[in-house]
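> Next comes the structure file run_0.txt, holding compact mmCIF, C-alpha atoms (C1' of nucleotides).
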# COMPACT_ATOMS: atom_id res chain seq x y z
CA MET A 1 -4.15 3.27 -128.71
CA PRO A 2 -3.61 6.82 -127.96
CA GLU A 3 -5.18 9.16 -125.51
CA LEU A 4 -4.02 12.64 -124.66
CA PRO A 5 -0.69 11.70 -122.98
CA GLU A 6 0.31 9.47 -125.88
CA VAL A 7 -0.63 12.07 -128.49
CA GLU A 8 1.20 14.78 -126.55
CA THR A 9 4.24 12.49 -126.36
CA VAL A 10 4.16 12.17 -130.13
CA ARG A 11 3.82 15.91 -130.49
CA ARG A 12 6.84 16.57 -128.30
CA THR A 13 9.01 13.91 -129.88
CA LEU A 14 8.36 15.35 -133.32
CA SER A 15 10.41 18.42 -132.38
CA PRO A 16 13.64 17.10 -133.99
CA ILE A 17 12.04 17.38 -137.40
CA LEU A 18 10.74 20.90 -136.95
CA GLY A 19 12.37 23.03 -139.63
CA ALA A 20 12.67 20.13 -142.04
CA LYS A 21 11.29 20.54 -145.54
CA ALA A 22 8.89 18.06 -147.08
CA GLU A 23 9.99 17.13 -150.58
CA LYS A 24 7.39 14.61 -151.51
CA VAL A 25 4.19 13.13 -150.13
CA TRP A 26 3.34 9.50 -150.75
CA TRP A 27 0.03 7.76 -150.12
CA SER A 28 -0.72 4.03 -149.92
CA GLY A 29 -3.93 4.31 -151.89
CA LYS A 30 -6.04 3.15 -148.98
CA ASN A 31 -8.67 5.25 -147.28
CA LEU A 32 -8.63 5.77 -143.54
CA ARG A 33 -11.38 6.49 -141.02
CA LEU A 34 -14.88 5.48 -142.09
CA ASN A 35 -13.42 4.86 -145.49
CA LYS A 36 -13.63 8.56 -146.26
CA PRO A 37 -11.90 9.34 -149.55
CA PHE A 38 -8.31 10.37 -148.86
CA ASP A 39 -7.54 13.74 -150.40
CA LEU A 40 -3.92 13.45 -151.48
CA ALA A 41 -4.05 16.68 -153.47
CA ALA A 42 -5.08 18.61 -150.37
CA ILE A 43 -2.33 17.06 -148.24
CA LYS A 44 0.23 17.93 -150.92
CA GLU A 45 -1.05 21.47 -151.14
CA ALA A 46 -0.73 21.81 -147.38
CA SER A 47 2.74 20.37 -147.02
CA GLU A 48 4.70 19.43 -150.13
CA GLY A 49 7.68 21.71 -150.66
CA ALA A 50 7.12 23.43 -147.31
CA THR A 51 8.98 23.49 -144.00
CA LEU A 52 7.40 21.98 -140.90
CA GLU A 53 6.85 24.98 -138.70
CA SER A 54 5.11 23.63 -135.60
CA VAL A 55 2.94 20.84 -134.29
CA ASP A 56 -0.05 21.54 -132.07
CA ARG A 57 -2.44 19.25 -130.31
CA ILE A 58 -6.10 19.59 -129.40
CA GLY A 59 -7.46 16.65 -127.43
CA LYS A 60 -6.29 13.58 -129.32
CA TYR A 61 -5.74 15.46 -132.58
CA LEU A 62 -2.39 16.65 -133.90
CA ILE A 63 -2.09 19.60 -136.24
CA LEU A 64 1.00 19.99 -138.43
CA TYR A 65 1.65 23.52 -139.62
CA TRP A 66 3.79 23.99 -142.69
CA LYS A 67 5.38 27.35 -143.37
CA GLY A 68 3.46 29.61 -145.69
CA ARG A 69 0.53 27.22 -146.15
CA LYS A 70 -3.03 28.23 -145.40
CA GLN A 71 -4.09 24.64 -144.84
CA ALA A 72 -2.59 22.57 -142.03
CA VAL A 73 -2.52 18.79 -141.73
CA LEU A 74 -4.83 17.23 -139.14
CA VAL A 75 -3.87 13.81 -137.80
CA HIS A 76 -5.77 11.46 -135.51
CA LEU A 77 -4.16 8.16 -134.54
CA GLY A 78 -7.38 6.22 -133.99
CA MET A 79 -6.66 2.94 -132.20
CA SER A 80 -3.49 1.73 -133.87
CA GLY A 81 -2.05 4.76 -135.62
CA ARG A 82 1.57 5.86 -135.39
CA LEU A 83 3.21 9.05 -136.50
CA ARG A 84 6.96 8.80 -136.39
CA TYR A 85 10.07 9.73 -138.29
CA PHE A 86 12.85 7.52 -139.54
CA GLU A 87 16.49 8.38 -140.07
CA GLY A 88 17.46 7.98 -143.69
CA GLU A 89 16.45 5.22 -146.04
CA SER A 90 14.62 2.36 -144.41
CA GLU A 91 12.13 -0.19 -145.52
CA ARG A 92 8.60 1.11 -145.41
CA PRO A 93 6.83 -0.58 -142.47
CA LYS A 94 3.70 -2.54 -143.18
CA HIS A 95 0.50 -0.49 -142.99
CA THR A 96 2.21 2.79 -143.78
CA HIS A 97 -0.42 5.02 -145.35
CA VAL A 98 1.12 8.45 -145.63
CA GLU A 99 4.76 9.33 -145.98
CA TRP A 100 6.58 12.66 -146.12
CA SER A 101 10.10 12.41 -147.54
CA LEU A 102 12.10 15.19 -145.95
CA LYS A 103 14.84 17.03 -147.74
CA ASP A 104 17.36 16.15 -145.03
CA GLY A 105 16.88 12.47 -145.84
CA ARG A 106 14.57 11.58 -142.99
CA ILE A 107 11.06 10.28 -143.50
CA LEU A 108 7.92 11.10 -141.54
CA ARG A 109 5.42 8.26 -141.67
CA PHE A 110 1.84 7.72 -140.62
CA SER A 111 1.03 4.03 -140.23
CA ASP A 112 -2.19 2.48 -139.00
CA PRO A 113 -3.09 -1.23 -139.34
CA ARG A 114 -6.72 -0.80 -138.38
CA ARG A 115 -7.19 2.38 -140.39
CA PHE A 116 -9.34 4.06 -137.75
CA GLY A 117 -7.03 7.04 -137.94
CA GLN A 118 -7.43 10.21 -139.92
CA VAL A 119 -5.19 12.43 -142.01
CA GLU A 120 -6.78 15.45 -143.60
CA THR A 121 -6.43 19.19 -143.87
CA LEU A 122 -7.94 22.10 -142.00
CA GLN A 123 -7.90 25.85 -142.33
CA ARG A 124 -5.17 27.56 -140.35
CA GLY A 125 -6.71 29.92 -137.78
CA GLN A 126 -10.08 28.21 -137.89
CA GLU A 127 -9.10 24.94 -136.28
CA ARG A 128 -12.08 24.68 -133.97
CA GLU A 129 -14.42 25.09 -136.92
CA HIS A 130 -13.29 21.86 -138.50
CA ALA A 131 -16.00 19.21 -138.27
CA SER A 132 -13.80 16.92 -136.19
CA LEU A 133 -12.87 19.56 -133.63
CA THR A 134 -16.04 21.59 -133.32
CA LYS A 135 -17.62 19.45 -130.66
CA LEU A 136 -14.52 19.02 -128.53
CA GLY A 137 -14.44 20.37 -125.00
CA PRO A 138 -11.43 22.26 -123.60
CA ASP A 139 -8.03 20.64 -123.79
CA PRO A 140 -6.87 19.91 -120.24
CA LEU A 141 -3.23 20.77 -120.91
CA THR A 142 -3.49 23.87 -123.04
CA ASP A 143 -6.83 25.30 -121.89
CA GLY A 144 -7.05 23.77 -118.43
CA ILE A 145 -10.43 22.75 -117.04
CA ASP A 146 -12.37 25.52 -115.39
CA PRO A 147 -13.91 24.25 -112.11
CA SER A 148 -17.31 25.83 -112.57
CA TYR A 149 -17.45 24.83 -116.26
CA PHE A 150 -16.74 21.25 -115.26
CA TYR A 151 -19.32 21.22 -112.48
CA GLN A 152 -21.99 22.78 -114.70
CA GLY A 153 -21.12 20.31 -117.44
CA CYS A 154 -21.60 17.37 -115.10
CA LYS A 155 -24.85 18.86 -113.88
CA ARG A 156 -26.21 18.83 -117.43
CA ARG A 157 -25.39 15.18 -118.12
CA GLY A 158 -27.86 12.52 -117.16
CA ARG A 159 -25.66 9.58 -118.01
CA SER A 160 -22.92 7.71 -116.24
CA ILE A 161 -19.82 9.69 -115.40
CA LYS A 162 -17.66 7.15 -117.25
CA LEU A 163 -19.50 7.80 -120.49
CA ALA A 164 -19.64 11.54 -119.86
CA LEU A 165 -15.85 11.66 -119.55
CA LEU A 166 -15.29 9.38 -122.50
CA ASP A 167 -17.38 11.62 -124.70
CA GLN A 168 -14.95 14.33 -125.84
CA SER A 169 -17.41 17.21 -125.48
CA LEU A 170 -16.96 17.81 -121.75
CA VAL A 171 -13.17 17.44 -121.75
CA ALA A 172 -11.06 16.54 -124.77
CA GLY A 173 -8.40 13.88 -124.42
CA LEU A 174 -9.45 11.32 -121.84
CA GLY A 175 -9.94 7.84 -123.26
CA ASN A 176 -10.82 4.42 -121.95
CA ILE A 177 -7.68 3.94 -119.84
CA TYR A 178 -7.45 7.31 -118.15
CA VAL A 179 -11.16 7.60 -117.43
CA SER A 180 -10.94 4.46 -115.30
CA GLU A 181 -7.79 5.79 -113.65
CA ALA A 182 -9.25 9.22 -112.88
CA LEU A 183 -12.45 7.75 -111.44
CA TRP A 184 -10.44 5.47 -109.18
CA MET A 185 -8.31 8.35 -107.99
CA ALA A 186 -11.41 10.45 -107.24
CA LYS A 187 -13.13 7.45 -105.60
CA ILE A 188 -16.15 7.77 -107.89
CA HIS A 189 -18.08 4.74 -109.15
CA PRO A 190 -18.08 4.58 -112.99
CA THR A 191 -21.84 4.04 -113.26
CA ARG A 192 -22.72 7.03 -111.11
CA ILE A 193 -24.90 9.49 -112.99
CA ALA A 194 -22.86 12.61 -113.71
CA LYS A 195 -25.49 15.11 -112.58
CA THR A 196 -25.76 13.51 -109.13
CA LEU A 197 -22.17 14.35 -108.21
CA SER A 198 -21.70 17.02 -105.58
CA LYS A 199 -19.62 20.09 -106.30
CA THR A 200 -16.85 18.77 -104.09
CA ARG A 201 -16.73 15.40 -105.83
CA CYS A 202 -16.73 17.07 -109.26
CA GLU A 203 -13.79 19.13 -108.14
CA ASN A 204 -11.99 16.03 -106.94
CA LEU A 205 -12.62 14.41 -110.29
CA ARG A 206 -11.46 17.45 -112.22
CA LYS A 207 -8.19 17.49 -110.29
CA ALA A 208 -7.79 13.72 -110.58
CA SER A 209 -8.25 13.89 -114.34
CA LEU A 210 -5.51 16.48 -114.68
CA GLU A 211 -3.18 14.58 -112.40
CA VAL A 212 -3.73 11.26 -114.17
CA LEU A 213 -2.89 12.85 -117.50
CA ASP A 214 0.20 14.59 -116.11
CA ARG A 215 1.50 11.41 -114.52
CA ALA A 216 1.05 9.41 -117.71
CA LEU A 217 2.76 12.14 -119.71
CA GLU A 218 5.75 12.05 -117.37
CA HIS A 219 6.11 8.37 -118.22
CA GLY A 220 5.88 8.99 -121.94
CA GLY A 221 2.38 7.53 -122.20
CA THR A 222 0.99 4.02 -121.92
CA SER A 223 2.03 1.30 -124.35
CA LEU A 224 -0.26 -1.69 -124.01
CA LYS A 225 0.56 -2.77 -127.50
CA ASP A 226 1.04 -0.41 -130.41
CA PHE A 227 1.93 2.95 -129.03
CA VAL A 228 5.34 4.45 -129.69
CA SER A 229 6.58 8.04 -129.68
CA ALA A 230 7.65 9.83 -132.84
CA GLU A 231 11.14 8.49 -132.09
CA GLY A 232 9.85 4.94 -131.89
CA HIS A 233 10.02 4.45 -128.11
CA ALA A 234 7.31 2.74 -126.06
CA GLY A 235 5.78 4.56 -123.08
CA GLU A 236 6.38 3.37 -119.52
CA HIS A 237 3.07 4.25 -117.93
CA SER A 238 1.55 0.77 -118.27
CA HIS A 239 3.67 -0.16 -115.24
CA TYR A 240 1.98 2.52 -113.18
CA LEU A 241 -1.69 1.92 -113.96
CA TRP A 242 -3.85 1.60 -110.86
CA VAL A 243 -6.91 -0.20 -112.16
CA TYR A 244 -6.93 -0.45 -115.95
CA ASP A 245 -6.57 -4.05 -117.10
CA ARG A 246 -6.05 -5.19 -113.50
CA GLU A 247 -9.20 -7.21 -112.92
CA GLY A 248 -8.91 -9.46 -109.87
CA LYS A 249 -5.89 -7.63 -108.46
CA PRO A 250 -6.00 -5.86 -105.11
CA CYS A 251 -7.01 -2.21 -104.97
CA PRO A 252 -3.78 -0.16 -105.08
CA ASN A 253 -5.00 1.82 -102.08
CA SER A 254 -3.22 -0.10 -99.29
CA GLU A 255 -5.94 0.87 -96.81
CA CYS A 256 -8.58 -0.76 -99.01
CA PRO A 257 -9.28 -4.51 -99.00
CA GLY A 258 -11.15 -4.27 -102.32
CA VAL A 259 -10.45 -6.21 -105.52
CA ILE A 260 -10.50 -4.59 -108.95
CA ARG A 261 -13.56 -5.44 -111.01
CA ARG A 262 -14.23 -5.22 -114.73
CA ILE A 263 -17.59 -4.18 -116.15
CA VAL A 264 -18.67 -3.21 -119.65
CA GLN A 265 -20.21 0.16 -120.42
CA GLN A 266 -21.27 0.98 -123.97
CA ALA A 267 -19.29 -2.03 -125.15
CA ARG A 268 -16.09 -0.79 -123.51
CA ALA A 269 -14.31 -2.24 -120.50
CA THR A 270 -14.27 -0.24 -117.27
CA PHE A 271 -12.07 -1.15 -114.30
CA TYR A 272 -12.79 0.03 -110.78
CA CYS A 273 -12.69 -0.85 -107.11
CA PRO A 274 -16.20 -1.65 -105.85
CA ARG A 275 -15.05 -1.02 -102.31
CA CYS A 276 -13.71 2.51 -102.44
CA GLN A 277 -15.49 3.95 -105.49
CA ARG A 278 -19.01 5.14 -104.77
C1' DA B 1 -30.46 14.13 -124.50
C1' DG B 2 -29.07 9.63 -124.23
C1' DA B 3 -29.08 4.50 -124.62
C1' DC B 4 -27.71 1.09 -127.69
C1' DA B 5 -25.89 -1.29 -131.58
C1' DA B 6 -23.24 -1.48 -135.44
C1' DA B 7 -19.81 0.15 -138.40
C1' DC B 8 -14.99 1.12 -139.89
C1' DC B 9 -10.22 -2.65 -140.08
C1' DT B 10 -6.34 -5.76 -138.69
C1' DG B 11 -3.71 -8.24 -135.34
C1' DT B 12 -3.36 -11.05 -131.38
C1' DC B 13 -4.68 -13.99 -127.92
C1' DT B 14 -7.69 -17.77 -125.90
C1' DG B 15 -10.01 -21.96 -125.89
C1' DC B 16 -11.45 -26.09 -128.02
C1' DT C 1 -1.36 -27.28 -135.38
C1' DG C 2 -5.68 -25.17 -136.83
C1' DC C 3 -9.60 -22.59 -136.52
C1' DA C 4 -13.38 -19.87 -134.62
C1' DG C 5 -14.39 -16.26 -131.61
C1' DA C 6 -13.44 -12.54 -128.56
C1' DC C 7 -11.18 -8.47 -127.87
C1' DA C 8 -8.29 -4.10 -128.48
C1' DG C 9 -6.14 2.53 -126.55
C1' DG C 10 -11.44 5.71 -130.99
C1' DT C 11 -15.10 7.93 -133.36
C1' DT C 12 -19.28 8.15 -136.24
C1' DT C 13 -23.88 7.01 -137.58
C1' DG C 14 -28.46 5.38 -137.23
C1' DT C 15 -32.53 3.81 -134.55
C1' DC C 16 -35.43 3.95 -130.73
Take the structure from the file and write it as structure tokens.

Amino acid sequence: MPELPEVETVRRTLSPILGAKAEKVWWSGKNLRLNKPFDLAAIKEASEGATLESVDRIGKYLILYWKGRKQAVLVHLGMSGRLRYFEGESERPKHTHVEWSLKDGRILRFSDPRRFGQVETLQRGQEREHASLTKLGPDPLTDGIDPSYFYQGCKRRGRSIKLALLDQSLVAGLGNIYVSEALWMAKIHPTRIAKTLSKTRCENLRKASLEVLDRALEHGGTSLKDFVSAEGHAGEHSHYLWVYDREGKPCPNSECPGVIRRIVQQARATFYCPRCQR
DNA sequence: AGACAAACCTGTCTGC
DNA sequence: TGCAGACAGGTTTGTC
């Protein structure tokens, strides 16, 4: 489901529960990503009895900081994960895996049908040292993307630009939807080898990536299916997508007579205009 | 380094 | 209506 704009939307919409105290942590008993053993004791140690102080985001990862705790809670939504709060008593939705009962009566829940998500702990102040975050590139929103870093990064990659952007090591946060969108905006063909891009075209792509993420964020993210904010609202950006999931439709560039095509790269769908992307 | 496949898991949609 | 198969927003792991 969620790429950077969706995860950032969740982060922002969690603000109403900042300052709330977690009374009790509940776990479904099922493991999450890669069936790694879920460490309930660690999650309790990081959050139970503590006040939610802040929520940060790096790439597609959320970090929940609880007051006075050395460990923070790291959350990744995978494909179908949701992190949202509920007002008062309510029936536990299917596929809920972690639940924080808050002292004010609300409940924070992580649910994830496919269980590709992740909930674990990491050391406060050493976030980037955590195994999941160590290989991530800069976060486009909080770190920005330095033009020469981005150009040099492309220069070092001998694979297609689609795959280079999808890999989180160059830039953290772009996923399958927004990579297609950014490449369309920059008029770059998805199979083009990253290192063959000129400095100018890299710069266009860098700017396009930032703009695509900003635009999606303004619309509260893209909900193709599962995604909802922490308040339970779907995002509106699916109505504004240029190429993603639009195979056979005309290129949104009114000057261009092209038709959107779908190809598969590394077992993942890519959408592009064969006419204006080179 | 990178290509490629498979793995993790469930839900939903398509075609016969 | 039923069933098999394909596919889905992500990441990791292993082999070549």
> Write out, as a tab-separated table, each residue of chain A that has an atom at most 8 Å from chain B, together with the closest pair of atoms and their distance in Å to one decimal, counting all atoms listed in the file, rows going by chain and rising number.

residue	atom	partner	partner_atom	distance
A:Arg33	CA	B:DC8	C1'	6.6
A:Leu34	CA	B:DC8	C1'	4.9
A:Asn35	CA	B:DC8	C1'	6.9
A:Pro113	CA	B:DT10	C1'	5.6
A:Arg114	CA	B:DC9	C1'	4.3
A:Arg115	CA	B:DC9	C1'	5.9
A:Phe116	CA	B:DC8	C1'	6.7
A:Gly158	CA	B:DG2	C1'	7.7
A:Arg159	CA	B:DG2	C1'	7.1
A:Gln266	CA	B:DC4	C1'	7.4
> Find the nearest atom pair between each residue of chain A and chain C for residues within 9 Å, count all atoms listed in the file, give distances in Å to one decimal, sort rows by chain and ascending number, and present the table as JSON lines.

{"residue": "A:Met1", "atom": "CA", "partner": "C:DG9", "partner_atom": "C1'", "distance": 3.0}
{"residue": "A:Pro2", "atom": "CA", "partner": "C:DG9", "partner_atom": "C1'", "distance": 5.2}
{"residue": "A:Glu3", "atom": "CA", "partner": "C:DG9", "partner_atom": "C1'", "distance": 6.8}
{"residue": "A:Arg33", "atom": "CA", "partner": "C:DT11", "partner_atom": "C1'", "distance": 8.6}
{"residue": "A:Leu34", "atom": "CA", "partner": "C:DT12", "partner_atom": "C1'", "distance": 7.8}
{"residue": "A:Leu77", "atom": "CA", "partner": "C:DG10", "partner_atom": "C1'", "distance": 8.5}
{"residue": "A:Gly78", "atom": "CA", "partner": "C:DG10", "partner_atom": "C1'", "distance": 5.1}
{"residue": "A:Met79", "atom": "CA", "partner": "C:DG10", "partner_atom": "C1'", "distance": 5.7}
{"residue": "A:Ser80", "atom": "CA", "partner": "C:DG9", "partner_atom": "C1'", "distance": 7.8}
{"residue": "A:Phe116", "atom": "CA", "partner": "C:DG10", "partner_atom": "C1'", "distance": 7.3}
{"residue": "A:Gly117", "atom": "CA", "partner": "C:DG10", "partner_atom": "C1'", "distance": 8.3}
{"residue": "A:Gly175", "atom": "CA", "partner": "C:DG9", "partner_atom": "C1'", "distance": 7.3}
{"residue": "A:Asn176", "atom": "CA", "partner": "C:DG9", "partner_atom": "C1'", "distance": 6.8}
{"residue": "A:Ile177", "atom": "CA", "partner": "C:DG9", "partner_atom": "C1'", "distance": 7.0}
{"residue": "A:Thr222", "atom": "CA", "partner": "C:DG9", "partner_atom": "C1'", "distance": 8.6}
{"residue": "A:Ser223", "atom": "CA", "partner": "C:DG9", "partner_atom": "C1'", "distance": 8.5}
{"residue": "A:Leu224", "atom": "CA", "partner": "C:DG9", "partner_atom": "C1'", "distance": 7.7}
{"residue": "A:Lys225", "atom": "CA", "partner": "C:DG9", "partner_atom": "C1'", "distance": 8.6}
{"residue": "A:Asp226", "atom": "CA", "partner": "C:DG9", "partner_atom": "C1'", "distance": 8.7}
{"residue": "A:Phe227", "atom": "CA", "partner": "C:DG9", "partner_atom": "C1'", "distance": 8.5}
> Could the residues in this selection be written to a file with C-alpha atoms, as a PDB file, in the coordinates of the input?

ATOM      1  CA  MET A   1      -4.150   3.270-128.710  1.00  0.00           C
ATOM      2  CA  PRO A   2      -3.610   6.820-127.960  1.00  0.00           C
ATOM      3  CA  GLU A   3      -5.180   9.160-125.510  1.00  0.00           C
ATOM      4  CA  ARG A  33     -11.380   6.490-141.020  1.00  0.00           C
ATOM      5  CA  LEU A  34     -14.880   5.480-142.090  1.00  0.00           C
ATOM      6  CA  LEU A  77      -4.160   8.160-134.540  1.00  0.00           C
ATOM      7  CA  GLY A  78      -7.380   6.220-133.990  1.00  0.00           C
ATOM      8  CA  MET A  79      -6.660   2.940-132.200  1.00  0.00           C
ATOM      9  CA  SER A  80      -3.490   1.730-133.870  1.00  0.00           C
ATOM     10  CA  PHE A 116      -9.340   4.060-137.750  1.00  0.00           C
ATOM     11  CA  GLY A 117      -7.030   7.040-137.940  1.00  0.00           C
ATOM     12  CA  GLY A 175      -9.940   7.840-123.260  1.00  0.00           C
ATOM     13  CA  ASN A 176     -10.820   4.420-121.950  1.00  0.00           C
ATOM     14  CA  ILE A 177      -7.680   3.940-119.840  1.00  0.00           C
ATOM     15  CA  THR A 222       0.990   4.020-121.920  1.00  0.00           C
ATOM     16  CA  SER A 223       2.030   1.300-124.350  1.00  0.00           C
ATOM     17  CA  LEU A 224      -0.260  -1.690-124.010  1.00  0.00           C
ATOM     18  CA  LYS A 225       0.560  -2.770-127.500  1.00  0.00           C
ATOM     19  CA  ASP A 226       1.040  -0.410-130.410  1.00  0.00           C
ATOM     20  CA  PHE A 227       1.930   2.950-129.030  1.00  0.00           C
TER      21      PHE A 227
END
> Residues at most 6 Å from segment 161-165 of chain A, counting only C-alpha atoms (C1' of nucleotides), excluding those fewer than 3 positions away in the same chain, as a short mmCIF file (atom, residue, chain, number, x, y, z; two decimals) with C-alpha atoms, keeping the file's coordinate frame?

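part.cif written:
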data_model
loop_
_atom_site.label_atom_id
_atom_site.label_comp_id
_atom_site.auth_asym_id
_atom_site.auth_seq_id
_atom_site.Cartn_x
_atom_site.Cartn_y
_atom_site.Cartn_z
CA PRO A 190 -18.08 4.58 -112.99
CA ARG A 192 -22.72 7.03 -111.11
CA ILE A 193 -24.90 9.49 -112.99
CA ALA A 194 -22.86 12.61 -113.71
#
> Figure out the distance between atom CA of Gln265 of chain A and atom CA of Gly235 of chain A, please, to one decimal in Å.
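Between these atoms lies a distance of 26.5 Å.
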> For atom CA of Trp184 of chain A and atom CA of Gln277 of chain A, quote the distance in Å rounded to one decimal.
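Between atom CA of Trp184 of chain A and atom CA of Gln277 of chain A the gap works out to 6.4 Å.
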> Distance atom CA of Val259 of chain A-atom CA of Glu203 of chain A, one decimal place?
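We find that atom CA of Val259 of chain A and atom CA of Glu203 of chain A lie 25.7 Å from each other.
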> I need segment 21-89 of chain A written out with C-alpha atoms, as a CSV table (one decimal), in the first residue's frame; please produce it.

chain,number,residue,atom,x,y,z
A,21,LYS,CA,-0.6,7.5,27.6
A,22,ALA,CA,-0.5,3.8,26.7
A,23,GLU,CA,-2.0,1.7,29.4
A,24,LYS,CA,-1.7,-1.7,27.8
A,25,VAL,CA,-0.2,-3.4,24.8
A,26,TRP,CA,-2.0,-6.3,23.2
A,27,TRP,CA,-0.6,-8.7,20.5
A,28,SER,CA,-2.5,-11.1,18.2
A,29,GLY,CA,0.1,-13.8,18.6
A,30,LYS,CA,1.0,-13.8,15.0
A,31,ASN,CA,4.3,-12.9,13.6
A,32,LEU,CA,4.7,-10.2,10.9
A,33,ARG,CA,7.3,-9.6,8.2
A,34,LEU,CA,9.3,-12.7,7.2
A,35,ASN,CA,7.7,-14.4,10.1
A,36,LYS,CA,10.3,-12.9,12.4
A,37,PRO,CA,9.4,-13.6,16.0
A,38,PHE,CA,7.4,-10.7,17.4
A,39,ASP,CA,9.0,-9.3,20.6
A,40,LEU,CA,6.1,-8.3,22.7
A,41,ALA,CA,8.2,-7.7,25.8
A,42,ALA,CA,10.4,-5.2,23.9
A,43,ILE,CA,7.3,-3.3,22.6
A,44,LYS,CA,5.9,-3.2,26.1
A,45,GLU,CA,9.2,-1.9,27.5
A,46,ALA,CA,9.2,0.8,24.9
A,47,SER,CA,5.7,2.0,25.3
A,48,GLU,CA,3.5,0.5,28.0
A,49,GLY,CA,2.8,3.1,30.7
A,50,ALA,CA,4.4,5.9,28.7
A,51,THR,CA,3.1,8.9,26.9
A,52,LEU,CA,3.3,9.2,23.2
A,53,GLU,CA,5.8,12.0,22.7
A,54,SER,CA,6.2,12.3,18.9
A,55,VAL,CA,6.1,10.4,15.7
A,56,ASP,CA,8.8,10.6,13.1
A,57,ARG,CA,9.2,9.1,9.6
A,58,ILE,CA,12.2,8.0,7.6
A,59,GLY,CA,11.3,6.8,4.1
A,60,LYS,CA,8.4,4.5,4.6
A,61,TYR,CA,9.1,3.8,8.3
A,62,LEU,CA,7.4,5.4,11.2
A,63,ILE,CA,9.0,5.8,14.6
A,64,LEU,CA,6.9,6.3,17.7
A,65,TYR,CA,8.7,7.9,20.6
A,66,TRP,CA,7.3,7.4,24.1
A,67,LYS,CA,8.3,9.7,26.9
A,68,GLY,CA,11.2,8.6,29.0
A,69,ARG,CA,11.9,5.4,27.0
A,70,LYS,CA,15.2,4.6,25.5
A,71,GLN,CA,13.7,2.3,22.9
A,72,ALA,CA,11.2,3.6,20.3
A,73,VAL,CA,8.7,1.7,18.3
A,74,LEU,CA,9.5,1.2,14.6
A,75,VAL,CA,6.5,0.5,12.3
A,76,HIS,CA,6.5,-0.4,8.6
A,77,LEU,CA,3.1,-0.8,6.9
A,78,GLY,CA,4.3,-3.3,4.2
A,79,MET,CA,1.6,-3.7,1.6
A,80,SER,CA,-1.6,-3.8,3.5
A,81,GLY,CA,-0.7,-2.4,6.9
A,82,ARG,CA,-2.7,0.3,8.7
A,83,LEU,CA,-1.9,2.3,11.8
A,84,ARG,CA,-4.9,4.2,13.1
A,85,TYR,CA,-6.7,5.1,16.3
A,86,PHE,CA,-10.2,4.5,17.3
A,87,GLU,CA,-12.4,6.6,19.6
A,88,GLY,CA,-13.5,4.6,22.6
A,89,GLU,CA,-14.6,1.0,22.7
